Each structure stands twice: as C-alpha cells, then as structure tokens.
Amino acid sequence: RPAQAQQGSAFDFSEVVAGVDETHHVAEGYDADVLLRWGDPIFADAPDFDPTNQSAAAQERQFGYNNDFVGYIPIDGSSEHGILVVNHEYTNEHLMFPGIVTIRNAQTPPAVAPDEETAEAGEQTSTEAELTPAEPVEPEVVVAPADQWRADVEMAAHGGTIIEIRRDNGAWTPVLDGARNRRITAKTPMEVTGPVAGHARLQTSADPTGREVLGTINNCAGGVTPWGTYIMAEENFHGYFIGTLPEGHPETANYERYGVPGESYEWGRFHDRFDLSAEPNEPNRFGWVVEVDVEDPQSTPKKRTALGRFKHEGAESIVAPGGQVVFYLGDDERFDYVYKFVTAGTYNPDDRAANMDLLDDGTLYVARFEEDGTVAWLPLTHGEGPLTAENGFESQADVLIETRHAADLLEATPMDRPEDIEPNGANGRVYVMLTNNTRREEANDANPRIDNAFGHIVEIAEEGGDFAATSGTWEILVQCGDPSIAEVGATFSTATTENGWFGMPDNCAVDSDGRLWISTDGNSPAATGRTDGLWAMDTEGEARGTSRLFYRVPIGAEMCGPCPTPDLATFFVAVQHPGDGGEDWEPFGRPSYYEDLSTRWPDFRDDMPVRPAVVAITKQGGGRIG
Ligand code: FEO
Ligand code: CA
Ligand code: CA
Ligand code: CA
C-alpha cells in the first residue's frame, strides 16, 4: 500500500480516490460500518421501519431523518461506551415518500402544478408510498396535495436523537434499552431561558407566557459542552412558516431580515403556529441555540436566548484560560456574520450542576475582520453604541431577537456563509468554515473572491491565546476549489493531490491531537466532479494547507461530522440526504448529473428507500485514526 506520509504532516493514511458512485468509500485499512439509519429503532419497543406505512407515532420511536451534527458524550470516560447525540436537520419529502410528493431541486420543473383546490377538497392520495426502482427519478413529477399525516411524520423526523451506544469485540451497536435514550422532535416542549424569556414578542395564543415553545427545527450542527450537555443549533427556521403578517405588523422588518416566511414546508396548513396570519409571533420562538441535559430523559430542553437569534449553524465551545466558556457561532447566510458568546460565569469541572445555567448570562460578540489582519469582537450589548431605544432596541431582549439587525448597525464583516467554527485548544486558534457565496460582487479582505463558488477557511488567533479576548488576528488558511483550474484561485499546498482538494467546507472538527478535519456540502459531479467527503487538513509547519481525502459519501449526499471518540479510535460521520438531486449547477461547464446515477445506499434492497445514516469508522486492528 502506498505510503503517503508527507514531511511534517500530522496525518499518515492512504488517500481515497475522489469520484462519484452509489456507495461510500473509506481509506484503505479502515472499516466504515453503518450504525444508525433513518427509521432504526431507538427504543426496545420501537416498531420496525416500514417505509410503505410510516406514521408519526412510529417515527417518534425511531431514528430521524437527515442526520447532521453528531456528538459523543463518554460514559465514565469511556471511548467504547457513550451517549451519541445526533441532529435531524430537515426532511426530503421526495426521498421519504417517493412517488407522491413533488421533487424539490429537480432539474426539470414539475409538470403538474400544486392544486390547492384538490387539497382543500380533501382528495385522498395513496398513503402507501410506492418505492420507485433504483433508477433515475423521472422529471415528470406528480405533485400530491399536502397531507397532515405526512406533515406529522416530517415533524417527528426532525429534531434529535439521544442514544446509548457500546463497542463490543470491535463493533459498535445501539443499546436500545439505554436509560437516557430519547427522541426530540418539532413538538417536544422546551423552555425559553435568558434575557428574552417571557418577552411579549414571543407570546402566542398557545403560550401567553412566552416561555414554553413546542419543538426545535432545522438543527444543523451543534456541540457538546464541557459539562456534557447537547447543543442543537436552529438554522433555517424561516422555511417552516407560511402565510402573511397583518398589514403594518411591527415584526415586518424583523422577519424580512430573516427571510420569514420561507414556505419550504406545508406544516402551517395543519398547525396554525406555522402560519403567520394566525400566529404572528411564532417565528421569534425559533432561531435559537437549544441545550439538552442528556442525563435526564425527562428534562425540558432550554432555548438559550443569550446566544442570539439567527440561522445558527453550530455552537462549539472551549474553556478560556480565565475559566469562561466561549461558544463560536456562525450565521449561515450569504453576507451574514461570525459571532462568539463568552459566559459571565466560569466553568466548574468538579460540579456539573453548577454549570447548567452558564448559558443564560454572558456577552454575545460579532466579528469585524479588519484590513490590517486584526479581528475586533464587537459586543451586542443594549445601550452600547447604536444599540439604543432610538434605533428600536428597548432592551437586551430586542437586541437578541433581532441579532442580525444589531450586528448590521455595528458594521460587522459580511461573510461568505459562515458554517461550522471550531476552536483548537492545542494551538490557540479558531477555524471558520465559509462555504461559498456565488452572489458576492464586492470582495473584502476576509472574503477575497467575488462569485465565491467553492468557499474558504479563515483562521483566527485570539489575542494572547485567550478565547475570551475581544481582539485577535486572522489569516486565510485556504481558498477552496480545484487548484488545476487557474481561474478558481484555490490555494491548497502544492503537496495536495488531485484527490485532496475540495470545495464548500461546512462541518469541521478538531480532534484531541489538535488535528483539523473538514466535511463538505455541495461537491457533486456538476460542481467539482466528486462527491462530498471528509478531508484531513494540515495546519502546522511546512505541511500547512495540505489536504487529503479520508472518506467520501454516496452520490447526492452531504458529509456531516466527524465526531472522534476521545481515544481517536472511532470517528462517527453522518451521511445526509444520500440520493438527493442537488442543483443544476455548472459553474465550470461540467454537466449536471442525476439523470444517469442514483443510489439505494445503505441497504441496496428493492424494498428499502435510500436512507441517511450515521457511520462508525474504525481502523482495522485498532488504533488511532488518520
Ligand atoms: Fe445546515 Fe449551514 O448547513
Ligand atoms: Ca446539512
Ligand atoms: Ca452545515
Ligand atoms: Ca451547508
């Protein structure tokens, strides 16, 4: 097997060949085993998955759809027995209910327009989802009217899973009678905490207290805190709302800034709270960071409003030298911002309970990347600078509900879609994934490419190595894309092979050896001639900027994770939306795909649909990965 150790590299493995096919691939000498798929039981009494007869009640006992963030919380410090936490970001109706729902993102527009009259007349559609054969989806799409049963399955397939897992004789398995096992859905009662709790702008007819929200949605990345709680970040919440605000409603400008209503789902036809004309304040109850105590399956998840309201990609944290806990937060939208939250209190490693409300008190900052290579962290604090009543902010609650507007007034730096942000305790730096921004017409120093199709990574060094500092320096680690195409402007090191480059960085992880791993979202035959995957990226010494491919996903999927166990012997990765059609996108003249290749990963059975799944990667014979 060819040795690929590079002088000064932190990695030593044989690179996967980049490409596209119906299955996943891991580096030679490693195993990649499916651990949990959509529909798998989470409890001993959960019903078997039947894709032709799915129900909300069954889905609430089964693994949800579109696994994104994966976290591992060790039990008694073990790297072979722990609690896996997984976000279920969104649902792909055309893959979950094949044959009866419009195909979003298809290359050809639907041949039949949605017929609302038919829906209102209550015409029945088949509830038996006929599975299409493993061949290209026909562009002639029949659009079924919305059904409440489908909306309710989708709501139950959102949220998160908490499940005990164990490694025996090398193989990972779920522990179905684990005492902490839990499904969180779009209907799970949650408590609003922090400065916004109870505010009039969060009150609804179902909840006049403004403190009790049902559910969490579009949980993309997330985090695990130093005290072992599970953080779920609410990202594209705008898409779940339909309807219009009453004329002249005071939330009009607020909702416009967040793209509400996004009208991607039809839940509002069956549940009034997702219809703005019925419940105008409901969108203010989403877009937060949620904290879950995994040790108590009866605990009420908390929406921690001190961390702001925006399209939260994730919330990874680290303890600063002074003991404050610092959370790095991306707002994933073109031209939106990078944030961090610094707790007022300090972390107590000896008393878990003492940390449980740290997230309710602290300072939220937004980043301004200056031309001279410094970064300024600007506090979003009511009464400071422009964040006053004259500008519409009556209190800190208003600043947090309209975090984006407050950050606009502070003249934060508009970025190329901030995704995951990961602090590295080993070198004191912070890695910011900027996935792409094809609408950028004017460059700034931290976002130097117009029409940035492939994204880049910014590295921040906080002042004095203190993650709680209010200033630091920054530089670009790498501009992504194919280095062999000059006009792309990629800046991977010259040691990076034709398999090693990537576009569209999204999730990332820093492992316990301080090594950076990057997952991508958007590579496809059309965009880059390869699928998404997991790349290992050197950040130190002469190997800095060298990337190599460790694992790649089946066609149509996006790569989420990775989540290494503390001993680095297992990496959990999430394969999201395999088989999805992606976009008809040809920035460099490559043909779009979908017509000629599809997949039924991971089962490859005629009676099973393609399914998102979490995969456990281990080294054959054991040992550290990578
Ligand atoms: Fe859900 Fe920003 O990716
Ligand atoms: Ca995703
Ligand atoms: Ca993401
Ligand atoms: Ca993404």
# chains A, B, ... in the order shown; residues from 1 in each chain; ligands from 1
call {"tool": "residues_near_ligand", "arguments": {"ligand": "ligand 1", "cutoff": "6 Å", "atoms": "only C-alpha atoms and all ligand atoms", "output": "number ranges by chain"}}
result
A: 220, 313, 332, 419
call {"tool": "write_last_selection", "arguments": {"atoms": "C-alpha atoms", "output": "PDB file, in the first residue's frame"}}
result
ATOM      1  CA  CYS A 220     -27.842  21.740  11.671  1.00  0.00           C
ATOM      2  CA  GLU A 313     -25.024  26.699  12.109  1.00  0.00           C
ATOM      3  CA  ASP A 332     -25.185  30.627   7.682  1.00  0.00           C
ATOM      4  CA  GLU A 419     -20.827  27.430   8.743  1.00  0.00           C
TER       5      GLU A 419
END
call {"tool": "closest_atom_pairs", "arguments": {"of": "chain A", "to": "ligand 3", "cutoff": "8 Å", "atoms": "only C-alpha atoms and all ligand atoms", "output": "JSON lines"}}
result
{"residue": "A:Asp68", "atom": "CA", "partner": "ligand 3", "partner_atom_place_in_ligand_line": "1 (Ca)", "distance": 7.3}
{"residue": "A:Cys220", "atom": "CA", "partner": "ligand 3", "partner_atom_place_in_ligand_line": "1 (Ca)", "distance": 5.5}
{"residue": "A:Ala221", "atom": "CA", "partner": "ligand 3", "partner_atom_place_in_ligand_line": "1 (Ca)", "distance": 5.8}
{"residue": "A:Glu313", "atom": "CA", "partner": "ligand 3", "partner_atom_place_in_ligand_line": "1 (Ca)", "distance": 6.0}
{"residue": "A:Gly314", "atom": "CA", "partner": "ligand 3", "partner_atom_place_in_ligand_line": "1 (Ca)", "distance": 7.9}
{"residue": "A:Glu419", "atom": "CA", "partner": "ligand 3", "partner_atom_place_in_ligand_line": "1 (Ca)", "distance": 5.8}
{"residue": "A:Asp420", "atom": "CA", "partner": "ligand 3", "partner_atom_place_in_ligand_line": "1 (Ca)", "distance": 6.7}
{"residue": "A:Asp506", "atom": "CA", "partner": "ligand 3", "partner_atom_place_in_ligand_line": "1 (Ca)", "distance": 5.1}
{"residue": "A:Asn507", "atom": "CA", "partner": "ligand 3", "partner_atom_place_in_ligand_line": "1 (Ca)", "distance": 5.7}
{"residue": "A:Asp521", "atom": "CA", "partner": "ligand 3", "partner_atom_place_in_ligand_line": "1 (Ca)", "distance": 7.3}
{"residue": "A:Cys560", "atom": "CA", "partner": "ligand 3", "partner_atom_place_in_ligand_line": "1 (Ca)", "distance": 7.2}
call {"tool": "closest_residue", "arguments": {"among": "A:Gln576, A:Thr225, A:Thr204, A:Thr520", "to": "ligand 4", "atoms": "only C-alpha atoms and all ligand atoms"}}
result
A:Thr520
call {"tool": "select_by_dssp", "arguments": {"residues": "segment 376-494 of chain A", "states": "alpha helix (DSSP H)", "output": "PyMOL selection string"}}
result
chain A and resi 396-401+403-409
call {"tool": "write_last_selection", "arguments": {"atoms": "N, CA and C atoms", "output": "short mmCIF file (atom, residue, chain, number, x, y, z; two decimals), in the first residue's frame"}}
result
data_model
loop_
_atom_site.label_atom_id
_atom_site.label_comp_id
_atom_site.auth_asym_id
_atom_site.auth_seq_id
_atom_site.Cartn_x
_atom_site.Cartn_y
_atom_site.Cartn_z
N GLN A 396 -32.18 44.44 26.13
CA GLN A 396 -31.32 43.39 25.60
C GLN A 396 -32.14 42.33 24.85
N ALA A 397 -33.39 42.13 25.28
CA ALA A 397 -34.23 41.16 24.57
C ALA A 397 -34.41 41.57 23.11
N ASP A 398 -34.62 42.86 22.85
CA ASP A 398 -34.77 43.31 21.45
C ASP A 398 -33.47 43.10 20.67
N VAL A 399 -32.34 43.36 21.32
CA VAL A 399 -31.04 43.15 20.65
C VAL A 399 -30.90 41.69 20.23
N LEU A 400 -31.33 40.77 21.12
CA LEU A 400 -31.16 39.35 20.84
C LEU A 400 -32.18 38.82 19.83
N ILE A 401 -33.43 39.29 19.91
CA ILE A 401 -34.44 38.84 18.95
C ILE A 401 -34.05 39.28 17.54
N THR A 403 -30.87 39.97 16.39
CA THR A 403 -29.41 39.95 16.43
C THR A 403 -28.80 40.45 15.12
N ARG A 404 -29.37 40.02 13.99
CA ARG A 404 -28.79 40.43 12.71
C ARG A 404 -28.83 41.94 12.52
N HIS A 405 -29.96 42.55 12.87
CA HIS A 405 -30.09 44.00 12.71
C HIS A 405 -29.08 44.72 13.61
N ALA A 406 -28.94 44.21 14.84
CA ALA A 406 -27.97 44.82 15.77
C ALA A 406 -26.55 44.71 15.20
N ALA A 407 -26.23 43.55 14.64
CA ALA A 407 -24.89 43.36 14.06
C ALA A 407 -24.68 44.22 12.82
N ASP A 408 -25.75 44.44 12.05
CA ASP A 408 -25.67 45.34 10.89
C ASP A 408 -25.22 46.73 11.36
N LEU A 409 -25.86 47.21 12.45
CA LEU A 409 -25.57 48.56 12.94
C LEU A 409 -24.14 48.67 13.47
#
call {"tool": "closest_atom_pairs", "arguments": {"of": "chain A", "to": "ligand 2", "cutoff": "12 Å", "atoms": "only C-alpha atoms and all ligand atoms", "output": "JSON lines"}}
result
{"residue": "A:Tyr65", "atom": "CA", "partner": "ligand 2", "partner_atom_place_in_ligand_line": "1 (Ca)", "distance": 11.4}
{"residue": "A:Asn66", "atom": "CA", "partner": "ligand 2", "partner_atom_place_in_ligand_line": "1 (Ca)", "distance": 7.8}
{"residue": "A:Asn67", "atom": "CA", "partner": "ligand 2", "partner_atom_place_in_ligand_line": "1 (Ca)", "distance": 8.1}
{"residue": "A:Asp68", "atom": "CA", "partner": "ligand 2", "partner_atom_place_in_ligand_line": "1 (Ca)", "distance": 5.7}
{"residue": "A:Phe69", "atom": "CA", "partner": "ligand 2", "partner_atom_place_in_ligand_line": "1 (Ca)", "distance": 8.4}
{"residue": "A:Val70", "atom": "CA", "partner": "ligand 2", "partner_atom_place_in_ligand_line": "1 (Ca)", "distance": 11.6}
{"residue": "A:Asn87", "atom": "CA", "partner": "ligand 2", "partner_atom_place_in_ligand_line": "1 (Ca)", "distance": 9.8}
{"residue": "A:His88", "atom": "CA", "partner": "ligand 2", "partner_atom_place_in_ligand_line": "1 (Ca)", "distance": 9.2}
{"residue": "A:Glu89", "atom": "CA", "partner": "ligand 2", "partner_atom_place_in_ligand_line": "1 (Ca)", "distance": 6.7}
{"residue": "A:Tyr90", "atom": "CA", "partner": "ligand 2", "partner_atom_place_in_ligand_line": "1 (Ca)", "distance": 8.3}
{"residue": "A:Thr91", "atom": "CA", "partner": "ligand 2", "partner_atom_place_in_ligand_line": "1 (Ca)", "distance": 10.8}
{"residue": "A:Asn92", "atom": "CA", "partner": "ligand 2", "partner_atom_place_in_ligand_line": "1 (Ca)", "distance": 11.8}
{"residue": "A:Asn218", "atom": "CA", "partner": "ligand 2", "partner_atom_place_in_ligand_line": "1 (Ca)", "distance": 9.0}
{"residue": "A:Asn219", "atom": "CA", "partner": "ligand 2", "partner_atom_place_in_ligand_line": "1 (Ca)", "distance": 8.8}
{"residue": "A:Cys220", "atom": "CA", "partner": "ligand 2", "partner_atom_place_in_ligand_line": "1 (Ca)", "distance": 5.7}
{"residue": "A:Ala221", "atom": "CA", "partner": "ligand 2", "partner_atom_place_in_ligand_line": "1 (Ca)", "distance": 7.6}
{"residue": "A:Gly222", "atom": "CA", "partner": "ligand 2", "partner_atom_place_in_ligand_line": "1 (Ca)", "distance": 11.3}
{"residue": "A:Ala233", "atom": "CA", "partner": "ligand 2", "partner_atom_place_in_ligand_line": "1 (Ca)", "distance": 11.6}
{"residue": "A:Glu234", "atom": "CA", "partner": "ligand 2", "partner_atom_place_in_ligand_line": "1 (Ca)", "distance": 11.7}
{"residue": "A:Glu235", "atom": "CA", "partner": "ligand 2", "partner_atom_place_in_ligand_line": "1 (Ca)", "distance": 9.6}
{"residue": "A:Asn236", "atom": "CA", "partner": "ligand 2", "partner_atom_place_in_ligand_line": "1 (Ca)", "distance": 10.3}
{"residue": "A:His312", "atom": "CA", "partner": "ligand 2", "partner_atom_place_in_ligand_line": "1 (Ca)", "distance": 11.9}
{"residue": "A:Glu313", "atom": "CA", "partner": "ligand 2", "partner_atom_place_in_ligand_line": "1 (Ca)", "distance": 9.0}
{"residue": "A:Gly314", "atom": "CA", "partner": "ligand 2", "partner_atom_place_in_ligand_line": "1 (Ca)", "distance": 10.8}
{"residue": "A:Asp332", "atom": "CA", "partner": "ligand 2", "partner_atom_place_in_ligand_line": "1 (Ca)", "distance": 10.8}
{"residue": "A:Glu419", "atom": "CA", "partner": "ligand 2", "partner_atom_place_in_ligand_line": "1 (Ca)", "distance": 9.7}
{"residue": "A:Asp420", "atom": "CA", "partner": "ligand 2", "partner_atom_place_in_ligand_line": "1 (Ca)", "distance": 10.6}
{"residue": "A:Thr435", "atom": "CA", "partner": "ligand 2", "partner_atom_place_in_ligand_line": "1 (Ca)", "distance": 11.4}
{"residue": "A:Met504", "atom": "CA", "partner": "ligand 2", "partner_atom_place_in_ligand_line": "1 (Ca)", "distance": 11.7}
{"residue": "A:Pro505", "atom": "CA", "partner": "ligand 2", "partner_atom_place_in_ligand_line": "1 (Ca)", "distance": 11.2}
{"residue": "A:Asp506", "atom": "CA", "partner": "ligand 2", "partner_atom_place_in_ligand_line": "1 (Ca)", "distance": 8.0}
{"residue": "A:Asn507", "atom": "CA", "partner": "ligand 2", "partner_atom_place_in_ligand_line": "1 (Ca)", "distance": 8.5}
{"residue": "A:Ser519", "atom": "CA", "partner": "ligand 2", "partner_atom_place_in_ligand_line": "1 (Ca)", "distance": 10.2}
{"residue": "A:Thr520", "atom": "CA", "partner": "ligand 2", "partner_atom_place_in_ligand_line": "1 (Ca)", "distance": 9.2}
{"residue": "A:Asp521", "atom": "CA", "partner": "ligand 2", "partner_atom_place_in_ligand_line": "1 (Ca)", "distance": 7.0}
{"residue": "A:Gly522", "atom": "CA", "partner": "ligand 2", "partner_atom_place_in_ligand_line": "1 (Ca)", "distance": 9.8}
{"residue": "A:Asp532", "atom": "CA", "partner": "ligand 2", "partner_atom_place_in_ligand_line": "1 (Ca)", "distance": 11.6}
{"residue": "A:Ala557", "atom": "CA", "partner": "ligand 2", "partner_atom_place_in_ligand_line": "1 (Ca)", "distance": 9.6}
{"residue": "A:Glu558", "atom": "CA", "partner": "ligand 2", "partner_atom_place_in_ligand_line": "1 (Ca)", "distance": 6.7}
{"residue": "A:Met559", "atom": "CA", "partner": "ligand 2", "partner_atom_place_in_ligand_line": "1 (Ca)", "distance": 7.8}
{"residue": "A:Cys560", "atom": "CA", "partner": "ligand 2", "partner_atom_place_in_ligand_line": "1 (Ca)", "distance": 6.8}
{"residue": "A:Gly561", "atom": "CA", "partner": "ligand 2", "partner_atom_place_in_ligand_line": "1 (Ca)", "distance": 9.9}
{"residue": "A:Ala574", "atom": "CA", "partner": "ligand 2", "partner_atom_place_in_ligand_line": "1 (Ca)", "distance": 9.6}
{"residue": "A:Val575", "atom": "CA", "partner": "ligand 2", "partner_atom_place_in_ligand_line": "1 (Ca)", "distance": 9.5}
{"residue": "A:Gln576", "atom": "CA", "partner": "ligand 2", "partner_atom_place_in_ligand_line": "1 (Ca)", "distance": 6.8}
{"residue": "A:His577", "atom": "CA", "partner": "ligand 2", "partner_atom_place_in_ligand_line": "1 (Ca)", "distance": 8.5}
{"residue": "A:Pro578", "atom": "CA", "partner": "ligand 2", "partner_atom_place_in_ligand_line": "1 (Ca)", "distance": 11.5}
{"residue": "A:Pro612", "atom": "CA", "partner": "ligand 2", "partner_atom_place_in_ligand_line": "1 (Ca)", "distance": 11.5}
call {"tool": "select_by_dssp", "arguments": {"residues": "segment 224-372 of chain A", "states": "strand (DSSP E)", "output": "PyMOL selection string"}}
result
chain A and resi 224+230-234+289-292+302-304+316-319+324-330+338-346+362-369
call {"tool": "closest_residue", "arguments": {"among": "A:Arg334, A:Lys619, A:Arg352, A:Arg150", "to": "ligand 4", "atoms": "only C-alpha atoms and all ligand atoms"}}
result
A:Arg334
call {"tool": "closest_residue", "arguments": {"among": "A:Asp350, A:Asp416, A:Glu247, A:Asp40", "to": "ligand 4", "atoms": "only C-alpha atoms and all ligand atoms"}}
result
A:Asp416
call {"tool": "residues_around", "arguments": {"residues": "Leu36 of chain A", "least_positions_apart": "6", "cutoff": "12 Å", "atoms": "only C-alpha atoms", "output": "JSON, numbers by chain"}}
result
{"A": [42, 62, 63, 64, 65, 66, 67, 70, 84, 85, 86, 161, 162, 163, 164, 165, 172, 173, 174, 175, 176, 572, 573, 574, 575, 602, 603, 611, 612, 613, 614, 615, 616]}
call {"tool": "closest_residue", "arguments": {"among": "A:Pro566, A:Thr618, A:Gly330, A:Gly383", "to": "ligand 4", "atoms": "only C-alpha atoms and all ligand atoms"}}
result
A:Gly330
call {"tool": "residues_around", "arguments": {"residues": "segment 488-503 of chain A", "least_positions_apart": "4", "cutoff": "8 Å", "atoms": "only C-alpha atoms", "output": "PyMOL selection string"}}
result
chain A and resi 15-18+435+453-455+478-483+520+522-523+528+535+543-549
call {"tool": "residues_around", "arguments": {"residues": "Ser78 of chain A", "least_positions_apart": "3", "cutoff": "12 Å", "atoms": "only C-alpha atoms", "output": "PyMOL selection string"}}
result
chain A and resi 72-75+81-83+165-167+565-570
call {"tool": "closest_residue", "arguments": {"among": "A:Gly579, A:Gly262, A:Gly323, A:Gly210", "to": "Glu191 of chain A", "atoms": "only C-alpha atoms"}}
result
A:Gly210
call {"tool": "closest_residue", "arguments": {"among": "A:Gln7, A:Glu333, A:Glu540, A:Tyr551", "to": "ligand 4", "atoms": "only C-alpha atoms and all ligand atoms"}}
result
A:Glu333
call {"tool": "residues_around", "arguments": {"residues": "Arg257 of chain A", "least_positions_apart": "3", "cutoff": "9 Å", "atoms": "only C-alpha atoms", "output": "ChimeraX atom specification"}}
result
/A:252-254,260,402,404-405
